[in-house]
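Chemist: Sharing target-v6.txt here; it has compact mmCIF, C-alpha atoms and all ligand atoms.
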# COMPACT_ATOMS: atom_id res chain seq x y z
CA MET A 1 -7.05 -74.03 -35.53
CA GLN A 2 -4.73 -71.27 -36.72
CA PHE A 3 -3.45 -68.76 -34.17
CA PRO A 4 -4.29 -65.23 -35.44
CA LYS A 5 -1.39 -63.89 -37.56
CA LYS A 6 -1.44 -60.40 -36.03
CA LEU A 7 -1.01 -61.86 -32.57
CA GLN A 8 1.83 -64.12 -33.69
CA HIS A 9 3.48 -61.09 -35.28
CA LYS A 10 3.38 -59.20 -31.96
CA ILE A 11 4.97 -62.14 -30.14
CA THR A 12 7.66 -62.40 -32.82
CA GLN A 13 8.37 -58.69 -32.41
CA ARG A 14 8.81 -59.15 -28.66
CA ILE A 15 11.27 -62.00 -29.31
CA THR A 16 13.22 -59.79 -31.76
CA LEU A 17 13.37 -56.97 -29.22
CA ASN A 18 14.48 -59.39 -26.50
CA SER A 19 11.51 -58.37 -24.40
CA LEU A 20 9.36 -61.49 -24.43
CA ARG A 21 7.72 -62.03 -21.06
CA GLY A 22 7.43 -65.43 -19.39
CA LEU A 23 6.33 -66.75 -16.02
CA GLY A 24 9.07 -67.45 -13.48
CA LYS A 25 9.37 -70.41 -11.12
CA GLU A 26 9.59 -70.45 -7.35
CA ASN A 27 13.24 -70.48 -6.33
CA SER A 28 15.42 -70.43 -3.25
CA ARG A 29 17.53 -67.43 -4.23
CA ILE A 30 17.92 -64.49 -1.83
CA ASP A 31 14.87 -62.29 -2.36
CA PHE A 32 15.68 -58.87 -3.83
CA SER A 33 12.63 -58.93 -6.04
CA SER A 34 9.31 -59.42 -4.26
CA ASN A 35 7.09 -56.62 -2.94
CA ASP A 36 6.88 -58.32 0.45
CA TYR A 37 8.86 -55.48 2.04
CA LEU A 38 8.04 -56.33 5.65
CA GLY A 39 7.91 -60.11 5.30
CA PHE A 40 4.18 -60.16 6.11
CA ALA A 41 3.33 -62.48 3.19
CA LYS A 42 5.38 -65.23 4.84
CA SER A 43 4.46 -64.37 8.43
CA GLU A 44 3.20 -67.43 10.31
CA VAL A 45 1.98 -65.11 13.08
CA ILE A 46 -0.35 -63.31 10.64
CA PHE A 47 -1.45 -66.60 9.06
CA ASN A 48 -2.28 -68.22 12.43
CA LYS A 49 -3.96 -65.14 13.91
CA THR A 50 -6.12 -64.78 10.79
CA HIS A 51 -7.17 -68.42 10.99
CA GLN A 52 -8.01 -68.04 14.69
CA PHE A 53 -9.95 -64.82 14.07
CA LEU A 54 -12.06 -66.52 11.38
CA VAL A 55 -12.75 -69.55 13.58
CA ASP A 56 -13.48 -67.49 16.73
CA ASN A 57 -15.96 -65.32 14.84
CA ASN A 58 -17.52 -68.27 13.04
CA HIS A 59 -16.61 -66.92 9.58
CA LYS A 60 -16.33 -70.43 8.16
CA VAL A 61 -16.98 -69.66 4.49
CA ASN A 62 -14.86 -69.82 1.37
CA GLY A 63 -16.28 -67.23 -0.98
CA ALA A 64 -18.07 -63.90 -1.07
CA THR A 65 -21.07 -65.25 -3.04
CA GLY A 66 -21.56 -62.07 -5.09
CA SER A 67 -20.64 -58.45 -5.67
CA ARG A 68 -20.74 -56.03 -2.77
CA LEU A 69 -23.96 -54.44 -3.99
CA LEU A 70 -25.69 -57.84 -4.10
CA SER A 71 -24.81 -60.63 -1.68
CA GLY A 72 -21.07 -60.08 -1.19
CA ASN A 73 -20.93 -57.30 1.43
CA HIS A 74 -19.70 -59.51 4.27
CA LYS A 75 -19.73 -57.90 7.72
CA LEU A 76 -15.93 -58.00 7.80
CA TYR A 77 -16.00 -55.19 5.19
CA THR A 78 -17.45 -52.81 7.82
CA ILE A 79 -14.81 -53.83 10.35
CA VAL A 80 -11.92 -53.49 7.87
CA GLU A 81 -13.10 -50.22 6.32
CA LYS A 82 -13.55 -48.65 9.78
CA GLN A 83 -10.07 -49.82 10.78
CA LEU A 84 -8.55 -48.42 7.56
CA ALA A 85 -10.28 -45.06 7.90
CA LYS A 86 -9.12 -44.73 11.51
CA LEU A 87 -5.53 -45.79 10.95
CA HIS A 88 -5.20 -43.70 7.80
CA ASN A 89 -6.85 -40.62 9.30
CA SER A 90 -9.43 -40.53 6.52
CA GLU A 91 -13.18 -39.90 6.60
CA THR A 92 -13.83 -43.18 4.77
CA ALA A 93 -12.14 -46.15 3.13
CA LEU A 94 -13.64 -48.23 0.34
CA VAL A 95 -12.10 -51.64 -0.32
CA PHE A 96 -11.53 -52.78 -3.94
CA ASN A 97 -10.43 -56.23 -5.08
CA SER A 98 -6.97 -55.00 -6.14
CA GLY A 99 -4.94 -51.86 -6.76
CA TYR A 100 -5.47 -52.38 -10.48
CA ASP A 101 -9.24 -52.41 -9.93
CA ALA A 102 -9.08 -49.35 -7.66
CA ASN A 103 -7.13 -47.27 -10.18
CA ILE A 104 -9.25 -48.35 -13.13
CA GLY A 105 -12.42 -47.77 -11.14
CA PHE A 106 -11.38 -44.35 -9.95
CA PHE A 107 -10.08 -42.89 -13.21
CA ALA A 108 -12.80 -44.35 -15.42
CA SER A 109 -15.55 -42.87 -13.26
CA VAL A 110 -14.41 -39.73 -11.42
CA PRO A 111 -12.96 -37.30 -14.02
CA GLN A 112 -15.84 -36.24 -16.30
CA ARG A 113 -16.01 -35.12 -19.92
CA GLY A 114 -14.48 -31.63 -20.08
CA ASP A 115 -12.27 -32.27 -17.03
CA ILE A 116 -8.49 -32.51 -17.17
CA ILE A 117 -6.18 -35.19 -15.79
CA LEU A 118 -2.54 -34.24 -15.22
CA TYR A 119 -0.37 -37.30 -14.64
CA ASP A 120 3.32 -37.92 -14.02
CA GLU A 121 4.84 -39.36 -17.20
CA LEU A 122 6.03 -42.48 -15.32
CA ILE A 123 2.71 -43.30 -13.74
CA HIS A 124 1.74 -46.96 -13.22
CA ALA A 125 0.00 -48.94 -15.98
CA SER A 126 -3.16 -49.35 -13.88
CA ILE A 127 -3.60 -45.56 -13.76
CA ARG A 128 -2.87 -45.24 -17.47
CA ASP A 129 -5.51 -47.87 -18.20
CA GLY A 130 -8.02 -46.03 -16.02
CA ILE A 131 -7.24 -42.77 -17.82
CA LEU A 132 -7.81 -44.52 -21.18
CA LEU A 133 -11.32 -45.40 -20.00
CA SER A 134 -12.06 -41.84 -18.89
CA ASN A 135 -13.94 -39.21 -20.89
CA ALA A 136 -11.66 -36.47 -19.54
CA LYS A 137 -8.66 -35.11 -21.47
CA SER A 138 -5.29 -36.09 -20.07
CA PHE A 139 -1.83 -34.52 -20.21
CA LYS A 140 1.43 -35.76 -18.75
CA PHE A 141 3.90 -33.68 -16.77
CA LYS A 142 7.63 -34.39 -16.50
CA HIS A 143 8.59 -36.98 -13.94
CA ASN A 144 8.67 -35.49 -10.41
CA ASP A 145 8.92 -32.01 -11.95
CA THR A 146 6.85 -29.71 -9.73
CA LYS A 147 7.57 -26.69 -11.90
CA ASP A 148 6.25 -28.38 -15.04
CA LEU A 149 3.17 -29.52 -13.10
CA GLU A 150 2.55 -25.99 -11.82
CA GLU A 151 2.85 -24.53 -15.33
CA LYS A 152 0.31 -27.05 -16.61
CA ILE A 153 -2.06 -26.35 -13.71
CA LEU A 154 -1.85 -22.61 -14.43
CA ARG A 155 -2.42 -23.19 -18.14
CA PHE A 156 -5.55 -25.25 -17.54
CA THR A 157 -7.01 -23.15 -14.72
CA GLN A 158 -6.93 -19.99 -16.88
CA ASN A 159 -10.15 -19.59 -18.89
CA ASN A 160 -11.33 -22.97 -17.83
CA ASP A 161 -13.89 -23.98 -15.27
CA SER A 162 -13.29 -27.70 -15.52
CA GLU A 163 -12.10 -29.83 -12.63
CA ILE A 164 -8.44 -30.81 -12.74
CA TYR A 165 -7.20 -34.09 -11.28
CA VAL A 166 -3.48 -34.38 -10.52
CA ILE A 167 -2.20 -37.93 -10.11
CA THR A 168 1.20 -39.13 -9.01
CA GLU A 169 2.70 -41.94 -6.91
CA SER A 170 4.25 -41.35 -3.50
CA VAL A 171 6.88 -44.00 -4.36
CA PHE A 172 7.34 -44.84 -8.04
CA SER A 173 7.15 -48.56 -8.62
CA MET A 174 9.88 -48.82 -11.26
CA ASP A 175 12.17 -46.05 -9.93
CA GLY A 176 11.72 -46.04 -6.16
CA ASP A 177 11.86 -42.24 -6.06
CA SER A 178 9.24 -39.81 -4.75
CA PRO A 179 7.86 -36.44 -5.80
CA ASP A 180 8.04 -33.40 -3.52
CA LEU A 181 4.60 -33.98 -2.06
CA THR A 182 4.73 -30.92 0.18
CA ALA A 183 5.52 -28.62 -2.76
CA ILE A 184 2.76 -30.19 -4.88
CA SER A 185 0.32 -29.76 -2.00
CA GLN A 186 1.22 -26.07 -1.68
CA ILE A 187 0.39 -25.55 -5.35
CA ILE A 188 -2.82 -27.55 -5.19
CA LYS A 189 -4.06 -25.66 -2.13
CA LYS A 190 -4.14 -22.46 -4.20
CA HIS A 191 -6.87 -23.82 -6.53
CA THR A 192 -10.29 -25.03 -5.44
CA ASN A 193 -10.89 -26.95 -8.67
CA VAL A 194 -7.60 -28.91 -8.57
CA HIS A 195 -7.86 -32.31 -6.88
CA PHE A 196 -4.83 -34.26 -5.71
CA VAL A 197 -4.92 -38.05 -6.16
CA ILE A 198 -2.05 -40.19 -4.97
CA ASP A 199 -1.16 -43.85 -5.37
CA GLU A 200 0.60 -45.03 -2.19
CA ALA A 201 1.05 -48.67 -3.28
CA HIS A 202 4.79 -48.80 -2.54
CA ALA A 203 4.78 -46.41 0.41
CA LEU A 204 2.35 -48.26 2.68
CA GLY A 205 4.27 -50.22 5.30
CA VAL A 206 7.60 -48.86 4.10
CA PHE A 207 6.81 -45.38 5.42
CA ASP A 208 4.32 -46.49 8.11
CA PHE A 209 0.83 -45.63 6.81
CA GLY A 210 2.14 -43.89 3.69
CA LEU A 211 3.97 -40.70 2.85
CA ILE A 212 0.88 -38.48 2.82
CA GLN A 213 0.27 -39.26 6.47
CA LYS A 214 3.96 -38.98 7.34
CA LEU A 215 3.95 -35.47 5.89
CA HIS A 216 0.54 -34.60 7.44
CA LEU A 217 -1.00 -33.85 4.05
CA GLU A 218 -4.22 -35.86 4.47
CA ASP A 219 -6.39 -32.75 4.24
CA VAL A 220 -4.92 -31.65 0.90
CA VAL A 221 -5.54 -34.96 -0.83
CA PHE A 222 -8.82 -35.78 -2.60
CA ALA A 223 -8.14 -39.53 -2.84
CA ARG A 224 -5.42 -41.93 -1.72
CA ILE A 225 -5.09 -45.35 -3.35
CA ILE A 226 -3.52 -47.91 -1.02
CA THR A 227 -2.81 -51.53 -1.92
CA PHE A 228 -2.37 -54.52 0.35
CA GLY A 229 -0.40 -56.80 -1.99
CA LYS A 230 2.93 -55.11 -1.29
CA GLY A 231 4.03 -53.96 2.19
CA LEU A 232 0.98 -55.55 3.82
CA GLY A 233 1.80 -58.93 2.23
CA CYS A 234 -1.79 -59.91 1.39
CA HIS A 235 -4.26 -58.80 -1.30
CA GLY A 236 -6.74 -56.05 -2.13
CA ALA A 237 -6.75 -52.27 -2.09
CA ALA A 238 -8.73 -49.29 -0.85
CA ILE A 239 -9.53 -45.74 -1.85
CA LEU A 240 -9.36 -43.31 1.05
CA GLY A 241 -11.41 -40.12 0.81
CA SER A 242 -14.57 -38.29 1.82
CA LYS A 243 -18.05 -39.75 2.40
CA GLN A 244 -19.22 -38.16 -0.85
CA LEU A 245 -16.39 -39.76 -2.80
CA GLN A 246 -17.19 -43.14 -1.26
CA GLN A 247 -20.86 -42.77 -2.15
CA TYR A 248 -19.95 -41.74 -5.70
CA LEU A 249 -17.64 -44.73 -6.21
CA ILE A 250 -20.22 -47.20 -4.86
CA ASN A 251 -22.64 -45.86 -7.47
CA PHE A 252 -20.44 -45.29 -10.50
CA SER A 253 -17.16 -47.19 -10.27
CA ARG A 254 -17.64 -50.17 -12.54
CA SER A 255 -14.67 -52.20 -11.28
CA PHE A 256 -16.21 -51.90 -7.81
CA ILE A 257 -19.76 -52.75 -8.89
CA TYR A 258 -19.44 -55.49 -11.46
CA THR A 259 -17.22 -58.04 -9.77
CA THR A 260 -17.42 -60.68 -7.05
CA SER A 261 -16.11 -59.14 -3.84
CA LEU A 262 -13.14 -60.40 -1.81
CA PRO A 263 -13.67 -63.59 0.18
CA PRO A 264 -13.98 -63.06 3.95
CA HIS A 265 -10.59 -64.68 4.64
CA ALA A 266 -8.92 -62.04 2.42
CA LEU A 267 -10.58 -59.33 4.54
CA ALA A 268 -9.54 -61.02 7.77
CA THR A 269 -5.94 -61.15 6.53
CA ILE A 270 -6.03 -57.41 5.78
CA LYS A 271 -7.35 -56.73 9.30
CA ILE A 272 -4.71 -58.86 11.01
CA ALA A 273 -1.90 -57.49 8.78
CA TYR A 274 -2.85 -53.96 9.86
CA ASP A 275 -2.91 -55.03 13.54
CA GLU A 276 0.61 -56.34 12.96
CA LEU A 277 1.74 -53.21 11.09
CA VAL A 278 0.91 -51.10 14.14
CA ILE A 279 3.21 -53.08 16.46
CA SER A 280 5.77 -54.67 14.14
CA ASP A 281 9.55 -54.20 14.49
CA SER A 282 9.92 -55.05 10.78
CA LYS A 283 9.41 -51.38 9.78
CA ALA A 284 12.54 -50.35 11.72
CA GLN A 285 14.49 -53.35 10.34
CA LEU A 286 13.52 -52.39 6.80
CA GLN A 287 14.62 -48.79 7.38
CA GLN A 288 18.00 -50.00 8.64
CA ASN A 289 18.40 -52.18 5.56
CA ILE A 290 17.53 -49.29 3.26
CA GLN A 291 20.19 -47.14 4.97
CA HIS A 292 22.72 -49.96 4.69
CA PHE A 293 21.96 -50.43 0.99
CA ILE A 294 22.41 -46.70 0.33
CA SER A 295 25.71 -46.46 2.20
CA GLU A 296 27.09 -49.64 0.60
CA SER A 297 26.13 -48.53 -2.92
CA ASN A 298 27.87 -45.19 -2.24
CA ARG A 299 30.97 -46.95 -0.91
CA LEU A 300 31.11 -49.09 -4.06
CA ARG A 301 30.37 -46.04 -6.27
CA LEU A 302 27.39 -47.74 -7.84
CA ASN A 303 25.01 -45.51 -9.69
CA PHE A 304 21.42 -45.87 -8.49
CA ILE A 305 18.37 -43.67 -9.03
CA GLN A 306 18.10 -41.64 -5.82
CA SER A 307 15.67 -43.34 -3.47
CA THR A 308 14.93 -43.66 0.24
CA SER A 309 12.21 -46.26 -0.35
CA ALA A 310 12.51 -50.06 -0.52
CA ILE A 311 12.98 -49.94 -4.32
CA HIS A 312 16.44 -49.17 -5.75
CA CYS A 313 17.19 -49.18 -9.46
CA CYS A 314 20.43 -49.23 -11.40
CA ILE A 315 20.06 -48.19 -15.06
CA ILE A 316 21.68 -50.67 -17.48
CA SER A 317 20.73 -49.73 -21.06
CA GLY A 318 19.48 -52.41 -23.43
CA ASN A 319 17.23 -55.38 -22.82
CA GLU A 320 19.90 -57.94 -23.62
CA HIS A 321 22.52 -56.24 -21.45
CA VAL A 322 20.29 -55.88 -18.40
CA LYS A 323 18.94 -59.43 -18.78
CA ASN A 324 22.52 -60.78 -18.79
CA MET A 325 23.40 -58.79 -15.68
CA ALA A 326 20.33 -60.10 -13.85
CA LEU A 327 21.20 -63.64 -14.94
CA GLN A 328 24.70 -63.30 -13.51
CA LEU A 329 23.33 -62.12 -10.16
CA GLN A 330 20.78 -64.95 -10.20
CA GLN A 331 23.56 -67.46 -10.88
CA HIS A 332 25.28 -66.12 -7.76
CA GLY A 333 22.11 -66.83 -5.73
CA PHE A 334 20.45 -63.39 -5.74
CA GLU A 335 16.90 -62.98 -7.05
CA VAL A 336 17.22 -59.62 -8.85
CA LYS A 337 14.90 -58.86 -11.75
CA PRO A 338 15.68 -56.94 -14.94
CA ILE A 339 13.06 -54.37 -15.91
CA LEU A 340 12.87 -54.27 -19.67
CA SER A 341 11.50 -51.86 -22.24
CA PRO A 342 8.61 -51.41 -23.00
CA THR A 343 7.80 -51.57 -19.24
CA VAL A 344 10.31 -48.70 -18.91
CA PRO A 345 11.44 -46.39 -21.76
CA THR A 346 14.07 -47.71 -24.19
CA ASN A 347 17.63 -47.13 -22.90
CA GLN A 348 16.24 -46.78 -19.38
CA GLU A 349 16.21 -50.53 -18.75
CA ARG A 350 17.29 -51.35 -15.22
CA LEU A 351 18.06 -53.81 -12.47
CA ARG A 352 15.44 -53.37 -9.77
CA PHE A 353 16.37 -54.24 -6.18
CA CYS A 354 13.53 -54.57 -3.69
CA LEU A 355 14.69 -54.50 -0.07
CA HIS A 356 13.03 -56.34 2.78
CA ALA A 357 13.06 -56.39 6.56
CA TYR A 358 14.29 -60.00 6.31
CA ASN A 359 17.34 -59.32 4.11
CA SER A 360 20.53 -59.44 6.18
CA LYS A 361 23.17 -56.71 6.01
CA GLU A 362 25.59 -59.33 4.72
CA GLU A 363 23.24 -60.29 1.86
CA ILE A 364 22.93 -56.62 0.89
CA THR A 365 26.69 -56.08 0.89
CA ASN A 366 27.22 -59.31 -1.07
CA VAL A 367 24.75 -58.54 -3.82
CA LEU A 368 26.18 -55.04 -4.29
CA GLU A 369 29.78 -56.30 -4.28
CA ASN A 370 28.78 -58.84 -6.93
CA LEU A 371 27.15 -56.14 -9.00
CA ALA A 372 30.24 -53.92 -8.66
CA THR A 373 32.41 -56.61 -10.26
CA PHE A 374 30.56 -56.40 -13.58
CA VAL A 375 29.25 -52.86 -14.03
C1 LIG A 401 1.94 -47.99 -8.23
C2 LIG A 401 1.04 -49.17 -8.31
N1 LIG A 401 -0.28 -48.98 -8.28
C3 LIG A 401 -1.14 -50.01 -8.36
C4 LIG A 401 -0.70 -51.30 -8.50
C5 LIG A 401 -1.68 -52.42 -8.63
O1 LIG A 401 -1.90 -52.99 -7.38
P1 LIG A 401 -2.39 -54.51 -7.27
O2 LIG A 401 -1.17 -55.35 -7.39
O3 LIG A 401 -3.04 -54.57 -5.92
O4 LIG A 401 -3.35 -54.74 -8.37
C6 LIG A 401 0.67 -51.55 -8.52
C7 LIG A 401 1.15 -52.96 -8.67
O5 LIG A 401 2.03 -53.29 -9.36
C8 LIG A 401 1.56 -50.46 -8.44
O6 LIG A 401 2.88 -50.67 -8.50
Represent the structure of the file as structure tokens.
Modeler:
Amino acid sequence: MQFPKKLQHKITQRITLNSLRGLGKENSRIDFSSNDYLGFAKSEVIFNKTHQFLVDNNHKVNGATGSRLLSGNHKLYTIVEKQLAKLHNSETALVFNSGYDANIGFFASVPQRGDIILYDELIHASIRDGILLSNAKSFKFKHNDTKDLEEKILRFTQNNDSEIYVITESVFSMDGDSPDLTAISQIIKKHTNVHFVIDEAHALGVFDFGLIQKLHLEDVVFARIITFGKGLGCHGAAILGSKQLQQYLINFSRSFIYTTSLPPHALATIKIAYDELVISDSKAQLQQNIQHFISESNRLRLNFIQSTSAIHCCIISGNEHVKNMALQLQQHGFEVKPILSPTVPTNQERLRFCLHAYNSKEEITNVLENLATFV
């Protein structure tokens, strides 16, 4: 059977541009790449407590058996969604199977024909894909540029009675930086038809329960998307918002409706990971490591995109160049990943360092000193 020519052509193009993707292998290098910021994915305490919780409550099943609207709404959903709403100071929480599903499900169903979506130009692919499925018109604003966003809001609120949805990330996944959420909130508060939506995937656990809560902006935000596959070290996601929003999503969000729900053990892991997040010392350890990384990169005069999150990026233009740099660090025992175009814009290729509570200060100094020898 012949492989379709157009598909082969696209793969060949990727090879030519040095941007062909491939699956990695497990390795024993020092982790500066995973999203397991707090070390929860590897936590034996969380694993054992989850197992015990499932056994103690007689949840001895393997699968959900159906979608949430049919047979899959296990009673653990009520427990987890109540816990999430309480801890996140939100009226409700609605669990989705992943952050990708949550973003697709939200943007495909909430903004209506005639509405406007204003999105940061560097927004995550899952939000872009959701926007593509939406009937609303969408316009980008410059990355983290509050002034540009305000101008666009003013342009679309004049002579227009449509709803406007503003979407950004509290920590950008490929940059590690954050918008001025307080300034954006001030602008949004002036307009009743402007709705603030925020993806907190990389803020949860790094900044406690997310930056919106840290800045006390819960009441300004229409919807918060949180994911559990990063700082929480497990899997799944939730949309935090009002009872009406929850009811709307249950009725109209197709990625919520038409899929088998999470298995009970995934829900139990989310519950126990949150119990751990409340008491864990790992948050403070991670913060110390972030501070150490920033002061060491300043000492070595390395040029990173400004960030106080767990993600720190050093721009190295060109796919080949950045791949070689990453390879050198990997050969020295550090798992650092190159981020290539087209994932990021051409000439903005970068080395992405993810910091963890379990990285030692010595490991951080070593990886940066290594980097300093060849940039
Ligand atoms: C900003 C952002 N939103 C959403 C997602 C998707 O989350 P999940 O991995 O749970 O599908 C990611 C994951 O890469 C992300 O970085």
Chemist: Could you give me, as a tab-separated table, a per-residue list for range 236-350 of chain A showing, wherever an atom lies at most 9 Å from an atom of range 201-225 of chain A, the closest pair of atoms and their distance in Å to one decimal, using all atoms listed in the file and sorting by chain then residue number from low to high?
Modeler:
residue	atom	partner	partner_atom	distance
A:Ala237	CA	A:Ile225	CA	7.2
A:Ala238	CA	A:Ile225	CA	5.9
A:Ile239	CA	A:Ile225	CA	4.7
A:Leu240	CA	A:Arg224	CA	5.0
A:Gly241	CA	A:Ala223	CA	4.9
A:Ser242	CA	A:Phe222	CA	7.7
A:Leu245	CA	A:Ala223	CA	8.3
A:Leu277	CA	A:Gly205	CA	7.0
A:Val278	CA	A:Asp208	CA	8.3
A:Lys283	CA	A:Val206	CA	6.5
A:Leu286	CA	A:Val206	CA	7.4
A:Gln287	CA	A:Val206	CA	7.7
A:Ser309	CA	A:Val206	CA	6.9
A:Ala310	CA	A:Val206	CA	6.8
A:Ile311	CA	A:His202	CA	8.5
Chemist: Write as a list in words the residues around ligand LIG 401 (chain A), taking 7 Å as the cut-off and counting only C-alpha atoms and all ligand atoms.
Modeler: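 Going residue by residue within 7 Å of ligand LIG 401 (chain A), we get Ser98, Gly99, Tyr100, Asp101, Asn103, His124, Ser126, Glu169, Phe172, Ser173, Asp199, Glu200, Ala201, His202, Thr227, Phe228, Gly229, His235, Gly236 and Ala237 of chain A.
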Chemist: Would you work out the distance separating CA of Asn73 in chain A from CA of Gln247 in chain A, expressed in Å to one decimal?
Modeler: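 One can read the CA of Asn73 in chain A to CA of Gln247 in chain A distance as 15.0 Å.
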Chemist: What gap, in Å, lies between CA of Thr157 in chain A and CA of Ile131 in chain A?
Modeler: 19.9 Å
Chemist: I'd like the neighbourhood of Ile316 in chain A as a list in words, where a residue qualifies if any of its atoms comes within 12 Å (using only C-alpha atoms), though same-chain residues fewer than 6 positions away should be ignored.
Modeler: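 Selected residues are Leu302, Asn303, Phe304, Ile305, Val322, Lys323, Asn324, Met325, Ala326, Pro338, Ile339, Leu340, Ser341, Val344, Pro345, Thr346, Asn347, Gln348, Glu349, Arg350, Leu351, Arg352, Leu371, Phe374 and Val375 of chain A.
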Chemist: Work out how far apart CA of Arg21 in chain A and CA of Gln331 in chain A are and give it in Å to one decimal.
Modeler: 19.6 Å
Chemist: Which of these, A:Leu368, A:Ile250, A:Val336, A:Ile46, has the shortest distance to Ile294 in chain A once you count all atoms listed in the file?
Modeler: A:Leu368
Chemist: Which one is closest to Leu355 in chain A: A:Lys25, A:Lys230, A:Arg301, A:His265? Count all atoms listed in the file.
Modeler: A:Lys230
Chemist: Could you check which of A:Val171, A:Leu69, A:Leu84, A:Ala64 is closest to Lys271 in chain A, using all atoms listed in the file?
Modeler: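 Smallest separation from Lys271 in chain A among the options: A:Leu84.
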Chemist: When you look at Arg29 in chain A with a cut-off of 9 Å (counting all atoms listed in the file), what residues show up, excluding the ones that are within fewer than 6 positions of it in the same chain? I need them as a list in words.
Modeler: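 Near Arg29 in chain A, the qualifying residues are Gln330, Gln331, His332, Gly333, Phe334 and Glu335 of chain A.
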Chemist: Can you report as lines of an AutoDock Vina configuration file the centre and edge lengths in Å, to one decimal, of an axis-aligned box around the listed atoms of range 311-317 of chain A padded with 3 Å on each side?
Modeler:
center_x = 17.3
center_y = -49.4
center_z = -12.7
size_x = 14.7
size_y = 8.5
size_z = 22.7
Chemist: Here is a test: counting only C-alpha atoms, which residue of A:Asn319, A:Ser109, A:Thr146, A:Thr92 is nearest to Val80 in chain A?
Modeler: A:Thr92
